[in-house]
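K.L.:
Data file structure00.pdb (PDB, C-alpha atoms) is appended below.
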ATOM      1  CA  MET A  40      21.038 -54.554  -7.121
ATOM      2  CA  THR A  41      18.549 -57.384  -6.431
ATOM      3  CA  ASP A  42      15.122 -56.438  -5.118
ATOM      4  CA  VAL A  43      14.777 -58.618  -2.019
ATOM      5  CA  GLY A  44      11.192 -57.537  -1.315
ATOM      6  CA  VAL A  45       9.655 -57.988   2.156
ATOM      7  CA  ILE A  46      10.698 -60.782   4.486
ATOM      8  CA  PRO A  47       7.722 -62.132   6.464
ATOM      9  CA  GLY A  48       8.006 -61.653  10.205
ATOM     10  CA  LEU A  49      10.926 -59.226   9.887
ATOM     11  CA  GLN A  50      10.493 -55.907  11.682
ATOM     12  CA  ALA A  51      13.229 -53.323  11.960
ATOM     13  CA  THR A  52      13.673 -49.590  12.029
ATOM     14  CA  SER A  53      16.061 -47.304  10.267
ATOM     15  CA  GLY A  54      19.667 -47.874  11.254
ATOM     16  CA  ASP A  55      19.099 -51.421  12.581
ATOM     17  CA  VAL A  56      21.340 -54.202  11.317
ATOM     18  CA  VAL A  57      19.481 -57.401  10.518
ATOM     19  CA  GLN A  58      21.270 -60.735  10.297
ATOM     20  CA  GLY A  59      19.824 -63.544   8.263
ATOM     21  CA  LEU A  60      20.190 -65.541   5.114
ATOM     22  CA  GLY A  61      23.927 -65.174   5.442
ATOM     23  CA  LEU A  62      23.718 -61.382   4.976
ATOM     24  CA  ASP A  63      24.031 -58.413   7.290
ATOM     25  CA  TRP A  64      21.437 -55.800   6.223
ATOM     26  CA  GLU A  65      21.218 -52.223   7.427
ATOM     27  CA  ILE A  66      17.700 -50.861   7.215
ATOM     28  CA  VAL A  67      17.721 -47.383   5.643
ATOM     29  CA  ASP A  68      14.762 -45.024   5.770
ATOM     30  CA  HIS A  69      14.693 -44.080   2.082
ATOM     31  CA  LYS A  70      11.424 -42.199   2.535
ATOM     32  CA  ALA A  71      13.104 -39.870   5.016
ATOM     33  CA  GLU A  72      16.011 -39.420   2.613
ATOM     34  CA  MET A  73      13.617 -38.477  -0.187
ATOM     35  CA  THR A  74      11.779 -36.012   2.083
ATOM     36  CA  ASN A  75      15.029 -34.362   3.143
ATOM     37  CA  ASN A  76      16.169 -34.061  -0.466
ATOM     38  CA  SER A  77      12.818 -32.565  -1.447
ATOM     39  CA  ASP A  78      12.994 -30.059   1.415
ATOM     40  CA  ASN A  79      16.526 -29.058   0.450
ATOM     41  CA  SER A  80      15.474 -28.587  -3.177
ATOM     42  CA  ARG A  81      12.501 -26.464  -2.100
ATOM     43  CA  VAL A  82      14.693 -24.257   0.090
ATOM     44  CA  GLN A  83      17.138 -23.793  -2.788
ATOM     45  CA  LYS A  84      14.329 -22.794  -5.174
ATOM     46  CA  VAL A  85      12.902 -20.312  -2.653
ATOM     47  CA  SER A  86      16.365 -18.814  -2.188
ATOM     48  CA  GLU A  87      16.902 -18.514  -5.946
ATOM     49  CA  THR A  88      13.476 -16.943  -6.441
ATOM     50  CA  SER A  89      14.063 -14.413  -3.683
ATOM     51  CA  GLY A  90      17.452 -13.532  -5.167
ATOM     52  CA  ASP A  91      16.013 -13.012  -8.643
ATOM     53  CA  ALA A  92      13.138 -10.967  -7.204
ATOM     54  CA  GLU A  93      15.577  -8.720  -5.353
ATOM     55  CA  VAL A  94      17.516  -8.113  -8.576
ATOM     56  CA  LEU A  95      14.318  -6.894 -10.260
ATOM     57  CA  TYR A  96      13.182  -4.898  -7.225
ATOM     58  CA  ASN A  97      16.495  -3.048  -7.075
ATOM     59  CA  TYR A  98      16.537  -2.388 -10.830
ATOM     60  CA  HIS A  99      13.088  -0.808 -10.749
ATOM     61  CA  GLN A 100      14.269   1.794  -8.215
ATOM     62  CA  LEU A 101      16.124   4.900  -9.419
ATOM     63  CA  HIS A 102      17.490   6.266  -6.106
ATOM     64  CA  MET A 103      17.243   9.845  -7.370
ATOM     65  CA  PRO A 104      18.340  12.690  -5.058
ATOM     66  CA  LEU A 105      15.390  14.726  -3.789
ATOM     67  CA  SER A 106      14.941  18.490  -3.682
ATOM     68  CA  LYS A 107      12.267  20.465  -1.857
ATOM     69  CA  ASP A 108      12.288  22.966  -4.710
ATOM     70  CA  VAL A 109       9.362  21.393  -6.603
ATOM     71  CA  ASP A 110       5.895  22.703  -7.383
ATOM     72  CA  ALA A 111       4.039  19.597  -6.221
ATOM     73  CA  VAL A 112       4.283  16.085  -4.872
ATOM     74  CA  PHE A 113       2.506  13.900  -7.417
ATOM     75  CA  CYS A 114       1.459  10.505  -6.034
ATOM     76  CA  LEU A 115       0.438   7.752  -8.439
ATOM     77  CA  CYS A 116      -1.993   5.641  -6.452
ATOM     78  CA  SER A 117      -2.209   1.860  -6.207
ATOM     79  CA  LEU A 118      -3.013  -0.949  -3.809
ATOM     80  CA  ASP A 119      -0.151   0.013  -1.466
ATOM     81  CA  THR A 120      -1.289   2.701   0.974
ATOM     82  CA  ARG A 121       2.280   3.103   2.255
ATOM     83  CA  VAL A 122       2.811   5.144  -0.907
ATOM     84  CA  ALA A 123       0.162   7.608   0.307
ATOM     85  CA  GLN A 124       1.942   7.876   3.651
ATOM     86  CA  ARG A 125       5.276   8.518   1.932
ATOM     87  CA  ALA A 126       3.784  11.220  -0.300
ATOM     88  CA  ALA A 127       1.958  12.933   2.547
ATOM     89  CA  GLN A 128       5.024  12.916   4.773
ATOM     90  CA  LEU A 129       7.151  14.449   2.013
ATOM     91  CA  PHE A 130       4.593  17.234   1.597
ATOM     92  CA  LEU A 131       4.472  17.832   5.355
ATOM     93  CA  ASP A 132       8.278  17.946   5.356
ATOM     94  CA  GLY A 133       8.196  20.878   2.960
ATOM     95  CA  TYR A 134       8.279  19.320  -0.497
ATOM     96  CA  GLY A 135       6.034  21.132  -2.963
ATOM     97  CA  ASN A 136       3.086  23.501  -2.686
ATOM     98  CA  TYR A 137       0.453  20.927  -3.633
ATOM     99  CA  LEU A 138      -0.109  17.233  -3.060
ATOM    100  CA  ILE A 139      -1.671  15.433  -6.021
ATOM    101  CA  PHE A 140      -3.239  11.981  -5.864
ATOM    102  CA  SER A 141      -4.082  10.255  -9.134
ATOM    103  CA  GLY A 142      -5.868   6.918  -9.436
ATOM    104  CA  GLY A 143      -9.296   5.465 -10.065
ATOM    105  CA  THR A 144      -9.930   1.744  -9.812
ATOM    106  CA  GLY A 145      -7.471  -0.574 -11.505
ATOM    107  CA  LYS A 146      -7.209  -4.335 -11.877
ATOM    108  CA  LEU A 147      -5.350  -4.666  -8.587
ATOM    109  CA  THR A 148      -7.712  -2.519  -6.509
ATOM    110  CA  GLN A 149     -11.056  -3.606  -7.912
ATOM    111  CA  GLY A 150     -12.942  -5.072  -4.972
ATOM    112  CA  ARG A 151     -10.183  -4.054  -2.539
ATOM    113  CA  PHE A 152     -11.236  -0.414  -2.022
ATOM    114  CA  ASP A 153     -14.783   0.947  -1.760
ATOM    115  CA  LYS A 154     -13.888   4.177  -3.582
ATOM    116  CA  PRO A 155     -11.232   5.372  -6.051
ATOM    117  CA  GLU A 156      -7.596   4.940  -5.073
ATOM    118  CA  ALA A 157      -6.995   8.703  -5.129
ATOM    119  CA  GLN A 158      -9.749   9.316  -2.591
ATOM    120  CA  ILE A 159      -8.460   6.528  -0.318
ATOM    121  CA  PHE A 160      -4.976   8.066  -0.478
ATOM    122  CA  ALA A 161      -6.302  11.598   0.055
ATOM    123  CA  ASP A 162      -8.117  10.441   3.196
ATOM    124  CA  ILE A 163      -4.815   9.078   4.528
ATOM    125  CA  ALA A 164      -3.113  12.403   3.814
ATOM    126  CA  LEU A 165      -5.883  14.347   5.537
ATOM    127  CA  GLY A 166      -5.553  12.075   8.552
ATOM    128  CA  MET A 167      -1.838  12.877   8.656
ATOM    129  CA  GLY A 168      -2.537  16.622   8.730
ATOM    130  CA  VAL A 169      -2.295  17.729   5.100
ATOM    131  CA  PRO A 170      -4.638  20.729   4.577
ATOM    132  CA  GLU A 171      -7.552  19.905   2.287
ATOM    133  CA  GLU A 172      -6.981  23.032   0.203
ATOM    134  CA  LYS A 173      -3.539  21.731  -0.730
ATOM    135  CA  LEU A 174      -4.899  18.476  -2.141
ATOM    136  CA  LEU A 175      -5.662  17.802  -5.802
ATOM    137  CA  VAL A 176      -7.500  14.541  -6.541
ATOM    138  CA  GLU A 177      -7.742  12.863  -9.951
ATOM    139  CA  PRO A 178     -10.037   9.817  -9.425
ATOM    140  CA  LEU A 179     -10.565   8.403 -12.943
ATOM    141  CA  SER A 180      -7.258   7.005 -14.248
ATOM    142  CA  THR A 181      -6.795   3.241 -14.497
ATOM    143  CA  ASN A 182      -3.132   2.945 -15.553
ATOM    144  CA  THR A 183       0.153   4.850 -15.408
ATOM    145  CA  GLY A 184      -0.322   6.622 -18.734
ATOM    146  CA  GLU A 185      -3.737   7.863 -17.653
ATOM    147  CA  ASN A 186      -2.274   8.999 -14.309
ATOM    148  CA  VAL A 187       0.003  11.288 -16.292
ATOM    149  CA  ARG A 188      -2.445  12.518 -18.944
ATOM    150  CA  PHE A 189      -5.475  12.932 -16.685
ATOM    151  CA  THR A 190      -3.479  14.842 -14.080
ATOM    152  CA  TYR A 191      -2.161  17.185 -16.747
ATOM    153  CA  ALA A 192      -5.739  17.828 -17.873
ATOM    154  CA  LEU A 193      -6.852  18.447 -14.272
ATOM    155  CA  LEU A 194      -4.123  21.036 -13.750
ATOM    156  CA  GLN A 195      -5.013  22.783 -17.000
ATOM    157  CA  GLU A 196      -8.661  22.857 -15.949
ATOM    158  CA  LYS A 197      -7.729  24.504 -12.644
ATOM    159  CA  GLY A 198      -5.380  26.975 -14.306
ATOM    160  CA  LEU A 199      -2.328  25.590 -12.534
ATOM    161  CA  HIS A 200       0.862  25.622 -14.589
ATOM    162  CA  LEU A 201       3.285  23.532 -12.588
ATOM    163  CA  SER A 202       6.755  22.872 -13.959
ATOM    164  CA  SER A 203       8.328  20.459 -11.468
ATOM    165  CA  PHE A 204       7.125  17.389  -9.618
ATOM    166  CA  LEU A 205       8.274  14.865  -7.085
ATOM    167  CA  LEU A 206       6.605  11.634  -8.241
ATOM    168  CA  VAL A 207       5.820   9.037  -5.578
ATOM    169  CA  GLN A 208       5.190   5.400  -6.482
ATOM    170  CA  LYS A 209       5.741   1.854  -5.278
ATOM    171  CA  PRO A 210       9.456   0.967  -5.182
ATOM    172  CA  TYR A 211       9.166  -1.542  -8.019
ATOM    173  CA  MET A 212       7.374   0.975 -10.261
ATOM    174  CA  GLU A 213       9.724   3.940  -9.988
ATOM    175  CA  ARG A 214      11.473   3.319 -13.308
ATOM    176  CA  ARG A 215       8.318   2.736 -15.363
ATOM    177  CA  THR A 216       6.699   5.816 -13.810
ATOM    178  CA  TYR A 217       9.691   7.920 -14.835
ATOM    179  CA  ALA A 218       9.731   6.492 -18.368
ATOM    180  CA  THR A 219       5.977   6.975 -18.783
ATOM    181  CA  PHE A 220       5.957  10.565 -17.502
ATOM    182  CA  LYS A 221       8.851  11.529 -19.774
ATOM    183  CA  LYS A 222       6.956  10.203 -22.786
ATOM    184  CA  GLN A 223       3.385  11.259 -22.054
ATOM    185  CA  TRP A 224       3.551  14.559 -20.135
ATOM    186  CA  PRO A 225       2.894  17.195 -22.836
ATOM    187  CA  ASP A 226       5.524  19.704 -21.657
ATOM    188  CA  PRO A 227       9.010  18.210 -22.149
ATOM    189  CA  SER A 228      10.634  20.976 -20.083
ATOM    190  CA  THR A 229       8.899  19.782 -16.886
ATOM    191  CA  GLN A 230      11.379  18.600 -14.258
ATOM    192  CA  ILE A 231      10.730  15.394 -12.308
ATOM    193  CA  THR A 232      12.292  13.213  -9.667
ATOM    194  CA  VAL A 233      10.889   9.889  -8.479
ATOM    195  CA  THR A 234      10.812   8.288  -5.045
ATOM    196  CA  SER A 235       8.924   5.607  -3.108
ATOM    197  CA  PRO A 236       8.609   4.140   0.399
ATOM    198  CA  GLN A 237      12.153   3.512   1.595
ATOM    199  CA  LEU A 238      12.004  -0.250   1.996
ATOM    200  CA  LYS A 239      14.477  -2.963   1.031
ATOM    201  CA  TRP A 240      13.213  -6.076  -0.737
ATOM    202  CA  ASN A 241      13.067  -8.172   2.435
ATOM    203  CA  GLU A 242      11.071  -5.389   4.142
ATOM    204  CA  TYR A 243       8.563  -4.697   1.393
ATOM    205  CA  PRO A 244       6.065  -7.596   1.140
ATOM    206  CA  ASN A 245       3.300  -7.578   3.739
ATOM    207  CA  GLU A 246      -0.231  -8.885   4.172
ATOM    208  CA  ASP A 247      -1.707  -6.376   1.715
ATOM    209  CA  ASN A 248       1.201  -6.733  -0.729
ATOM    210  CA  PRO A 249       2.120 -10.434  -0.629
ATOM    211  CA  GLU A 250       5.429 -11.531  -2.090
ATOM    212  CA  GLU A 251       3.913 -13.617  -4.890
ATOM    213  CA  LEU A 252       1.801 -10.699  -6.118
ATOM    214  CA  VAL A 253       4.701  -8.251  -5.903
ATOM    215  CA  ILE A 254       7.007 -10.545  -7.893
ATOM    216  CA  ASN A 255       4.360 -11.066 -10.570
ATOM    217  CA  ILE A 256       3.900  -7.298 -10.952
ATOM    218  CA  ALA A 257       7.641  -6.596 -10.951
ATOM    219  CA  VAL A 258       8.187  -9.192 -13.689
ATOM    220  CA  GLY A 259       5.323  -7.829 -15.781
ATOM    221  CA  ASP A 260       6.565  -4.269 -15.439
ATOM    222  CA  LEU A 261      10.022  -5.251 -16.648
ATOM    223  CA  ILE A 262       8.478  -6.708 -19.791
ATOM    224  CA  ARG A 263       6.516  -3.467 -20.226
ATOM    225  CA  ILE A 264       9.727  -1.449 -19.857
ATOM    226  CA  ARG A 265      11.139  -3.435 -22.772
ATOM    227  CA  GLU A 266       8.035  -3.492 -24.994
ATOM    228  CA  TYR A 267       6.227  -0.219 -24.342
ATOM    229  CA  PRO A 268       8.691   2.219 -25.975
ATOM    230  CA  SER A 269       7.867   0.717 -29.391
ATOM    231  CA  LYS A 270       4.167   1.307 -28.659
ATOM    232  CA  GLY A 271       4.773   4.959 -27.813
ATOM    233  CA  PHE A 272       3.943   4.554 -24.120
ATOM    234  CA  GLN A 273       7.369   5.154 -22.534
ATOM    235  CA  ILE A 274      10.885   6.321 -23.284
ATOM    236  CA  PRO A 275      13.440   3.485 -23.571
ATOM    237  CA  GLN A 276      15.315   2.236 -20.520
ATOM    238  CA  ASP A 277      18.449   0.091 -20.563
ATOM    239  CA  ILE A 278      17.932  -3.398 -19.110
ATOM    240  CA  PRO A 279      21.151  -5.122 -17.983
ATOM    241  CA  ASN A 280      21.543  -8.779 -18.967
ATOM    242  CA  GLU A 281      21.484  -9.999 -15.378
ATOM    243  CA  VAL A 282      18.163  -8.231 -14.779
ATOM    244  CA  TRP A 283      16.582  -9.703 -17.902
ATOM    245  CA  GLU A 284      17.825 -13.190 -17.015
ATOM    246  CA  ALA A 285      16.449 -12.867 -13.478
ATOM    247  CA  ALA A 286      13.047 -12.046 -14.969
ATOM    248  CA  GLN A 287      13.214 -15.033 -17.303
ATOM    249  CA  CYS A 288      14.032 -17.330 -14.377
ATOM    250  CA  LEU A 289      11.020 -16.005 -12.494
ATOM    251  CA  ILE A 290       8.757 -16.489 -15.496
ATOM    252  CA  ARG A 291       9.946 -20.097 -15.798
ATOM    253  CA  ALA A 292       9.176 -20.485 -12.092
ATOM    254  CA  GLY A 293       5.563 -19.479 -12.738
ATOM    255  CA  TYR A 294       5.544 -15.728 -12.058
ATOM    256  CA  ASP A 295       3.685 -14.834 -15.256
ATOM    257  CA  ASN A 296       0.313 -13.533 -14.054
ATOM    258  CA  HIS A 297       0.970  -9.874 -14.847
ATOM    259  CA  LEU A 298       2.563 -10.113 -18.286
ATOM    260  CA  PRO A 299       1.289  -7.666 -20.940
TER     261      PRO A 299
END
Just give me the structure as structure tokens.

P.N.:
Amino acid sequence: MTDVGVIPGLQATSGDVVQGLGLDWEIVDHKAEMTNNSDNSRVQKVSETSGDAEVLYNYHQLHMPLSKDVDAVFCLCSLDTRVAQRAAQLFLDGYGNYLIFSGGTGKLTQGRFDKPEAQIFADIALGMGVPEEKLLVEPLSTNTGENVRFTYALLQEKGLHLSSFLLVQKPYMERRTYATFKKQWPDPSTQITVTSPQLKWNEYPNEDNPEELVINIAVGDLIRIREYPSKGFQIPQDIPNEVWEAAQCLIRAGYDNHLP
């Protein structure tokens, strides 16, 4: 196709037909076409990212049946205070004889809270009506393994020999919490179930837990689920091919800020 360039004195808008030089020309707004194509591509990428993120989010949840016949609700603290609300409500509904909060200051809460995560969460529970004497607070741990080990040490120090727990975590950390507890809790006969705030993927992100951050963490935790058993941190967990591929797509899309 010959590049005809610009014809002096010719003004026309998109869709006009211009007659001259023996040719009928239709002026096409190629810039608009390019913008529309770019917008469509962006929408498609957002849709694909959201779909892959939902695959990971669903995989990380265990959907275990809950029983009130547990010794304690054990909440692993984080940046998401909805987890504190879930744990406190379960305790108030009759689950367990104690409510444990474990968490110091981690990478994701440094500068966000003015005191350890466990104390922030305990304050929420107190505000919801949980009796102070039923609370146990472990404020030093900085990762999931320390949540498990430091809480065990706290219970030993207090002379409490608890044999069953309802663990409460973020939805996209249920599986890694289960795998970590099973590996690092010293008593293998201890019974556990795991739960989290009951939110679907499209309901979970909010101002304090933005979607980009959540996806980055969910991707990083999947890699940890694969790599950490060989390091002695967790028991192995099966990862279906479609879940692994979804994570790889997200990494290629730039969600790699929380990789181990």

K.L.:
Applied to this file, what does the PyMOL selection byres ((chain A and resi 276) around 12) return in terms of residues, put as a list in words?

P.N.:
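On the file shown, the PyMOL selection byres ((chain A and resi 276) around 12) covers Tyr98, His99, Leu101, Arg214, Arg215, Thr216, Tyr217, Ala218, Thr219, Lys221, Lys222, Leu261, Ile262, Arg263, Ile264, Arg265, Glu266, Tyr267, Pro268, Ser269, Gln273, Ile274, Pro275, Asp277, Ile278 and Pro279 of chain A.
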
K.L.:
Tell me, as a ChimeraX atom specification, which residues lie within 9 Å of segment 170-174 of chain A, counting only C-alpha atoms; anything in the same chain fewer than 5 positions away does not count.

P.N.:
/A:136-140,161,164-165

K.L.:
Once you count all atoms listed in the file, what closest atom pair and distance in Å to one decimal does each residue of segment 166-253 of chain A within 10 Å of segment 130-134 of chain A have, with rows by chain and rising residue number, as a Markdown table?

P.N.:
| residue | atom | partner | partner_atom | distance |
| --- | --- | --- | --- | --- |
| A:Met167 | CA | A:Leu131 | CA | 8.7 |
| A:Gly168 | CA | A:Leu131 | CA | 7.9 |
| A:Val169 | CA | A:Leu131 | CA | 6.8 |
| A:Pro170 | CA | A:Leu131 | CA | 9.6 |
| A:Lys173 | CA | A:Phe130 | CA | 9.6 |
| A:Phe204 | CA | A:Tyr134 | CA | 9.4 |
| A:Leu205 | CA | A:Tyr134 | CA | 8.0 |

K.L.:
Which residues, named as in the file, does the PyMOL selection byres ((chain A and resi 206-209) around 7) pick out? Answer as JSON, numbers by chain.

P.N.:
{"A": [112, 113, 114, 115, 122, 126, 204, 205, 210, 211, 212, 213, 231, 232, 233, 234, 235, 236]}

K.L.:
At a cut-off of 12 Å around the point (-0.6, 19.7, -21.1) (file coordinates), what residues fall inside when counting only C-alpha atoms? I'd like the answer as a PDB file with C-alpha atoms, in the coordinates of the input.

P.N.:
ATOM      1  CA  VAL A 187       0.003  11.288 -16.292  1.00  0.00           C
ATOM      2  CA  ARG A 188      -2.445  12.518 -18.944  1.00  0.00           C
ATOM      3  CA  PHE A 189      -5.475  12.932 -16.685  1.00  0.00           C
ATOM      4  CA  THR A 190      -3.479  14.842 -14.080  1.00  0.00           C
ATOM      5  CA  TYR A 191      -2.161  17.185 -16.747  1.00  0.00           C
ATOM      6  CA  ALA A 192      -5.739  17.828 -17.873  1.00  0.00           C
ATOM      7  CA  LEU A 193      -6.852  18.447 -14.272  1.00  0.00           C
ATOM      8  CA  LEU A 194      -4.123  21.036 -13.750  1.00  0.00           C
ATOM      9  CA  GLN A 195      -5.013  22.783 -17.000  1.00  0.00           C
ATOM     10  CA  GLU A 196      -8.661  22.857 -15.949  1.00  0.00           C
ATOM     11  CA  GLY A 198      -5.380  26.975 -14.306  1.00  0.00           C
ATOM     12  CA  LEU A 199      -2.328  25.590 -12.534  1.00  0.00           C
ATOM     13  CA  HIS A 200       0.862  25.622 -14.589  1.00  0.00           C
ATOM     14  CA  LEU A 201       3.285  23.532 -12.588  1.00  0.00           C
ATOM     15  CA  SER A 202       6.755  22.872 -13.959  1.00  0.00           C
ATOM     16  CA  PHE A 220       5.957  10.565 -17.502  1.00  0.00           C
ATOM     17  CA  GLN A 223       3.385  11.259 -22.054  1.00  0.00           C
ATOM     18  CA  TRP A 224       3.551  14.559 -20.135  1.00  0.00           C
ATOM     19  CA  PRO A 225       2.894  17.195 -22.836  1.00  0.00           C
ATOM     20  CA  ASP A 226       5.524  19.704 -21.657  1.00  0.00           C
ATOM     21  CA  PRO A 227       9.010  18.210 -22.149  1.00  0.00           C
ATOM     22  CA  SER A 228      10.634  20.976 -20.083  1.00  0.00           C
ATOM     23  CA  THR A 229       8.899  19.782 -16.886  1.00  0.00           C
TER      24      THR A 229
END

K.L.:
On this file, the PyMOL selection byres ((chain A and resi 141) around 6) gives some set of residues; write that set as a count of residues only.

P.N.:
8

K.L.:
Please, what distance in Å, to one decimal, runs between atom CA of Gly259 of chain A and atom CA of Leu289 of chain A?

P.N.:
10.5 Å

K.L.:
Closest to Asn255 of chain A among A:Lys146, A:His297, A:His102, A:Arg125, using all atoms listed in the file?

P.N.:
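Going through A:Lys146, A:His297, A:His102, A:Arg125 one by one, the smallest distance to Asn255 of chain A is for A:His297.
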
K.L.:
What lies within 10 Å of segment 148-151 of chain A using all atoms listed in the file, ignoring chain neighbours under 6 positions off, as a list of chain:residue names?

P.N.:
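Surrounding residues, per the criterion: A:Cys116, A:Ser117, A:Leu118, A:Asp119, A:Thr181, A:Asp247.
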
K.L.:
Dump C-alpha atoms for the selected residues as an mmCIF file, keeping the file's coordinate frame?

P.N.:
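The result, stored in result.cif:
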data_model
loop_
_atom_site.group_PDB
_atom_site.id
_atom_site.type_symbol
_atom_site.label_atom_id
_atom_site.label_comp_id
_atom_site.auth_asym_id
_atom_site.auth_seq_id
_atom_site.Cartn_x
_atom_site.Cartn_y
_atom_site.Cartn_z
ATOM 1 C CA CYS A 116 -1.993 5.641 -6.452
ATOM 2 C CA SER A 117 -2.209 1.860 -6.207
ATOM 3 C CA LEU A 118 -3.013 -0.949 -3.809
ATOM 4 C CA ASP A 119 -0.151 0.013 -1.466
ATOM 5 C CA THR A 181 -6.795 3.241 -14.497
ATOM 6 C CA ASP A 247 -1.707 -6.376 1.715
#

K.L.:
One number please: atom CA of Ser106 of chain A to atom CA of Phe160 of chain A, in Å, one decimal.

P.N.:
22.7 Å
